[in-house]
Each structure stands twice: as C-alpha cells, then as structure tokens.
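Peer 1: Have a look at this one.
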Amino acid sequence: QLLNIGGYVIVSNVIVANKDGVNYLALTGICTSHVCNLSYAVSQHEFTCGCNLCRFSETGSVDMGPATTPLTSYLTLKTGNMLHVYEPQ
C-alpha cells in the first residue's frame with residue numbers, strides 16, 4: 001500500500017502516507033477528538049477521522065472539527081528501500 005501514491009499504513013499509532021511517490025508524510029494516526037484511526041485522501045491533501053469526520057491537513061493542523069488539537073507531525077527520510085520515521089524534537 002505504501003508503494004502507491006496515496007497509499008498509507010498505520011504502525012504504532014503513526015499514519016505514514018505516500019504523498020507523491022517521492023515525499024512521505026507521517027503523523028499521529030489517532031484522531032485527537034476521538035480514539036479512532038485516520039485515513040489519508042491524497043486528492044484532498046488531508047487526513048480524515050473515521051468516527052466523526054474531523055479533517056486534518058498534511059501538516060497535522062485541524063481543517064475541520066470537532067477536533068481542536070492538531071496531530072503530531074514526524075520527520076520522514078527515504079534512503080534506498082527504507083523509509084525512516086523520526087520523532088519530532
């Protein structure tokens with residue numbers, strides 16, 4: 001799934017998404033309003049909560065509530081076949 005543009009996986013409560021085949025996004029994978037997994041919609045450039053339809057931008061900011069707390073964004077670095085996700089400092 002992660003090999004395809006728009007594909008995403010959730011690992012250890014972090015959602016990792018393939019933005020455009022070169023750039024990858026990694027954010028908290030759990031909605032900050034409800035304890036529900038997020039999905040990624042590449043065409044809308046946003047993450048959506050499956051429980052209450054909160055929307056978050058690709059940077060993690062809240063685009064549509066009821067959530068008021070943004071998602072944590074993680075640094076990603078792809079080297080060869082490996083994608084590394086780093087905690088924010």
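Order determines the names: the first chain of the structure tokens is A, the second B, and so forth; residues in each chain are numbered 1 upward, and ligands are numbered 1 upward as they are shown.
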Can you list every residue of range 14-69 of chain A that has an atom at most 10 Å from range 75-78 of chain A, with its nearest atom pair and the distance in Å to one decimal, using only C-alpha atoms, ordered by chain then number, as CSV?
Peer 2:
residue,atom,partner,partner_atom,distance
A:Val16,CA,A:Thr76,CA,8.9
A:Val22,CA,A:Lys78,CA,8.4
A:Asn23,CA,A:Thr76,CA,8.3
A:Tyr24,CA,A:Thr76,CA,6.4
A:Leu25,CA,A:Thr76,CA,6.7
A:Ala26,CA,A:Thr76,CA,6.7
A:Leu27,CA,A:Leu75,CA,8.9
Peer 1: Write out, as an mmCIF file, in the first residue's frame, the residues just selected, with N, CA and C atoms.
Peer 2:
data_model
loop_
_atom_site.group_PDB
_atom_site.id
_atom_site.type_symbol
_atom_site.label_atom_id
_atom_site.label_comp_id
_atom_site.auth_asym_id
_atom_site.auth_seq_id
_atom_site.Cartn_x
_atom_site.Cartn_y
_atom_site.Cartn_z
ATOM 1 N N VAL A 16 1.522 6.710 8.131
ATOM 2 C CA VAL A 16 2.559 7.063 7.162
ATOM 3 C C VAL A 16 1.920 6.977 5.785
ATOM 4 N N VAL A 22 7.489 10.372 -4.018
ATOM 5 C CA VAL A 22 8.821 10.785 -3.574
ATOM 6 C C VAL A 22 8.784 11.220 -2.112
ATOM 7 N N ASN A 23 7.757 11.969 -1.754
ATOM 8 C CA ASN A 23 7.617 12.509 -0.402
ATOM 9 C C ASN A 23 6.620 11.689 0.403
ATOM 10 N N TYR A 24 6.959 11.499 1.668
ATOM 11 C CA TYR A 24 6.119 10.725 2.576
ATOM 12 C C TYR A 24 5.741 11.588 3.771
ATOM 13 N N LEU A 25 4.550 11.366 4.282
ATOM 14 C CA LEU A 25 4.048 12.089 5.443
ATOM 15 C C LEU A 25 3.911 11.108 6.596
ATOM 16 N N ALA A 26 4.177 11.563 7.802
ATOM 17 C CA ALA A 26 3.982 10.732 8.992
ATOM 18 C C ALA A 26 3.414 11.623 10.091
ATOM 19 N N LEU A 27 2.252 11.238 10.592
ATOM 20 C CA LEU A 27 1.574 11.981 11.649
ATOM 21 C C LEU A 27 0.962 11.012 12.646
#
Peer 1: Compile a residue-level contact table for range 17-41 of chain A against range 59-71 of chain A at a cut-off of 10 Å, reporting for every qualifying residue the shortest atom pair and its distance in Å to one decimal, with only C-alpha atoms counted, rows ordered by chain and ascending number, as a Markdown table.
Peer 2:
| residue | atom | partner | partner_atom | distance |
| --- | --- | --- | --- | --- |
| A:Leu25 | CA | A:Thr59 | CA | 8.3 |
| A:Ala26 | CA | A:Thr59 | CA | 9.0 |
| A:Leu27 | CA | A:Leu71 | CA | 6.2 |
| A:Thr28 | CA | A:Leu71 | CA | 5.4 |
| A:Gly29 | CA | A:Leu71 | CA | 8.0 |
| A:Ile30 | CA | A:Leu71 | CA | 8.2 |
| A:Cys31 | CA | A:Leu71 | CA | 7.6 |
| A:Thr32 | CA | A:Thr69 | CA | 6.0 |
| A:Ser33 | CA | A:Ala67 | CA | 4.6 |
| A:His34 | CA | A:Ala67 | CA | 8.1 |
Peer 1: Keeping N, CA and C atoms for every residue in the selection just given, could you write it to a file as a PDB file, in the first residue's frame?
Peer 2:
ATOM      1  N   LEU A  25       4.550  11.366   4.282  1.00  0.00           N
ATOM      2  CA  LEU A  25       4.048  12.089   5.443  1.00  0.00           C
ATOM      3  C   LEU A  25       3.911  11.108   6.596  1.00  0.00           C
ATOM      4  N   ALA A  26       4.177  11.563   7.802  1.00  0.00           N
ATOM      5  CA  ALA A  26       3.982  10.732   8.992  1.00  0.00           C
ATOM      6  C   ALA A  26       3.414  11.623  10.091  1.00  0.00           C
ATOM      7  N   LEU A  27       2.252  11.238  10.592  1.00  0.00           N
ATOM      8  CA  LEU A  27       1.574  11.981  11.649  1.00  0.00           C
ATOM      9  C   LEU A  27       0.962  11.012  12.646  1.00  0.00           C
ATOM     10  N   THR A  28       0.564  11.557  13.786  1.00  0.00           N
ATOM     11  CA  THR A  28      -0.176  10.745  14.743  1.00  0.00           C
ATOM     12  C   THR A  28      -1.337  10.109  13.992  1.00  0.00           C
ATOM     13  N   GLY A  29      -1.515   8.803  14.134  1.00  0.00           N
ATOM     14  CA  GLY A  29      -2.536   8.089  13.371  1.00  0.00           C
ATOM     15  C   GLY A  29      -3.874   7.982  14.058  1.00  0.00           C
ATOM     16  N   ILE A  30      -4.002   8.617  15.218  1.00  0.00           N
ATOM     17  CA  ILE A  30      -5.235   8.566  16.000  1.00  0.00           C
ATOM     18  C   ILE A  30      -5.823   9.973  16.068  1.00  0.00           C
ATOM     19  N   CYS A  31      -7.111  10.099  15.808  1.00  0.00           N
ATOM     20  CA  CYS A  31      -7.803  11.387  15.867  1.00  0.00           C
ATOM     21  C   CYS A  31      -7.658  11.985  17.268  1.00  0.00           C
ATOM     22  N   THR A  32      -7.425  13.274  17.346  1.00  0.00           N
ATOM     23  CA  THR A  32      -7.267  13.944  18.639  1.00  0.00           C
ATOM     24  C   THR A  32      -8.601  14.255  19.295  1.00  0.00           C
ATOM     25  N   SER A  33      -9.703  14.030  18.608  1.00  0.00           N
ATOM     26  CA  SER A  33     -11.030  14.249  19.172  1.00  0.00           C
ATOM     27  C   SER A  33     -11.637  12.952  19.687  1.00  0.00           C
ATOM     28  N   HIS A  34     -11.449  11.871  18.947  1.00  0.00           N
ATOM     29  CA  HIS A  34     -11.938  10.548  19.328  1.00  0.00           C
ATOM     30  C   HIS A  34     -10.794   9.562  19.131  1.00  0.00           C
TER      31      HIS A  34
END
Peer 1: From a DSSP pass on the backbone, collect the residues of chain A flagged as strand (DSSP E or B) and hand them back as a PyMOL selection string.
Peer 2: chain A and resi 8-11+14-18+24-28+30+37-41+46-49+55-57+62-64+73-79+82-86
Peer 1: Quick one: residues within 10 Å of Pro88 in chain A, only C-alpha atoms counted, chain neighbours fewer than 6 positions away excluded, as a PDB file with all heavy atoms, in the first residue's frame?
Peer 2:
ATOM      1  N   THR A  72       0.437  15.340  15.747  1.00  0.00           N
ATOM      2  CA  THR A  72       1.891  15.463  15.799  1.00  0.00           C
ATOM      3  C   THR A  72       2.454  15.025  14.455  1.00  0.00           C
ATOM      4  O   THR A  72       2.064  13.994  13.914  1.00  0.00           O
ATOM      5  CB  THR A  72       2.481  14.583  16.914  1.00  0.00           C
ATOM      6  OG1 THR A  72       1.925  15.003  18.161  1.00  0.00           O
ATOM      7  CG2 THR A  72       3.993  14.682  16.972  1.00  0.00           C
ATOM      8  N   SER A  73       3.361  15.820  13.908  1.00  0.00           N
ATOM      9  CA  SER A  73       3.999  15.519  12.632  1.00  0.00           C
ATOM     10  C   SER A  73       5.395  14.956  12.889  1.00  0.00           C
ATOM     11  O   SER A  73       6.113  15.429  13.771  1.00  0.00           O
ATOM     12  CB  SER A  73       4.090  16.799  11.797  1.00  0.00           C
ATOM     13  OG  SER A  73       4.710  16.537  10.561  1.00  0.00           O
ATOM     14  N   TYR A  74       5.773  13.939  12.119  1.00  0.00           N
ATOM     15  CA  TYR A  74       7.072  13.291  12.254  1.00  0.00           C
ATOM     16  C   TYR A  74       7.889  13.513  10.992  1.00  0.00           C
ATOM     17  O   TYR A  74       7.341  13.614   9.894  1.00  0.00           O
ATOM     18  CB  TYR A  74       6.898  11.787  12.470  1.00  0.00           C
ATOM     19  CG  TYR A  74       6.155  11.442  13.732  1.00  0.00           C
ATOM     20  CD1 TYR A  74       4.762  11.366  13.741  1.00  0.00           C
ATOM     21  CD2 TYR A  74       6.826  11.201  14.917  1.00  0.00           C
ATOM     22  CE1 TYR A  74       4.072  11.062  14.901  1.00  0.00           C
ATOM     23  CE2 TYR A  74       6.143  10.893  16.085  1.00  0.00           C
ATOM     24  CZ  TYR A  74       4.770  10.827  16.065  1.00  0.00           C
ATOM     25  OH  TYR A  74       4.088  10.527  17.213  1.00  0.00           O
ATOM     26  N   LEU A  75       9.197  13.559  11.137  1.00  0.00           N
ATOM     27  CA  LEU A  75      10.107  13.699  10.011  1.00  0.00           C
ATOM     28  C   LEU A  75      10.248  12.350   9.321  1.00  0.00           C
ATOM     29  O   LEU A  75      10.360  11.319   9.988  1.00  0.00           O
ATOM     30  CB  LEU A  75      11.475  14.177  10.501  1.00  0.00           C
ATOM     31  CG  LEU A  75      12.584  14.263   9.464  1.00  0.00           C
ATOM     32  CD1 LEU A  75      12.264  15.358   8.453  1.00  0.00           C
ATOM     33  CD2 LEU A  75      13.910  14.545  10.136  1.00  0.00           C
TER      34      LEU A  75
END
Peer 1: Any idea what the distance is between CA of Phe56 in chain A and CA of Ser12 in chain A?
Peer 2: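 It comes out at 19.1 Å.
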Peer 1: May I have the residues within 7 Å of Phe47 in chain A as a list in words, using only C-alpha atoms and disregarding those fewer than 4 positions away in the same chain?
Peer 2: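 The residues satisfying every condition are Leu38, Ser39, Tyr40, Ala41, Arg55, Phe56, Ser57 and Glu58 of chain A.
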Peer 1: Go ahead and write the selection's residues with C-alpha atoms as an mmCIF file, in the first residue's frame.
Peer 2:
data_model
loop_
_atom_site.group_PDB
_atom_site.id
_atom_site.type_symbol
_atom_site.label_atom_id
_atom_site.label_comp_id
_atom_site.auth_asym_id
_atom_site.auth_seq_id
_atom_site.Cartn_x
_atom_site.Cartn_y
_atom_site.Cartn_z
ATOM 1 C CA LEU A 38 -7.301 8.168 10.440
ATOM 2 C CA SER A 39 -7.312 7.628 6.690
ATOM 3 C CA TYR A 40 -5.457 9.639 4.039
ATOM 4 C CA ALA A 41 -7.043 11.163 0.928
ATOM 5 C CA ARG A 55 -10.186 16.663 8.881
ATOM 6 C CA PHE A 56 -6.504 17.406 9.307
ATOM 7 C CA SER A 57 -4.072 18.977 6.833
ATOM 8 C CA GLU A 58 -0.914 17.235 5.659
#
Peer 1: Counting only C-alpha atoms, which of A:Glu46, A:Asn37, A:Gln1, A:Gln89 gets nearest to Ile15 in chain A?
Peer 2: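 Using only C-alpha atoms, Ile15 in chain A sits closest to A:Asn37.
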Peer 1: Using only C-alpha atoms, which residue out of A:Cys49, A:Cys54, A:Cys36, A:Leu83 lies closest to Ala17 in chain A?
Peer 2: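 Ranking A:Cys49, A:Cys54, A:Cys36, A:Leu83 by distance to Ala17 in chain A, first place goes to A:Leu83.
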Peer 1: Between CA of Gln44 in chain A and CA of Val11 in chain A, what is the spacing in Å?
Peer 2: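 According to the coordinates, CA of Val11 in chain A and CA of Gln44 in chain A are separated by 22.4 Å.
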Peer 1: Quick one: residues within 9 Å of Leu3 in chain A, only C-alpha atoms counted, chain neighbours fewer than 5 positions away excluded, as a list in words?
Peer 2: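 Once the nearby chain positions are removed, what remains is Tyr8, Asn18 and Gly21 of chain A.
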Peer 1: What gap, in Å, lies between CA of Val85 in chain A and CA of Asn13 in chain A?
Peer 2: 12.4 Å
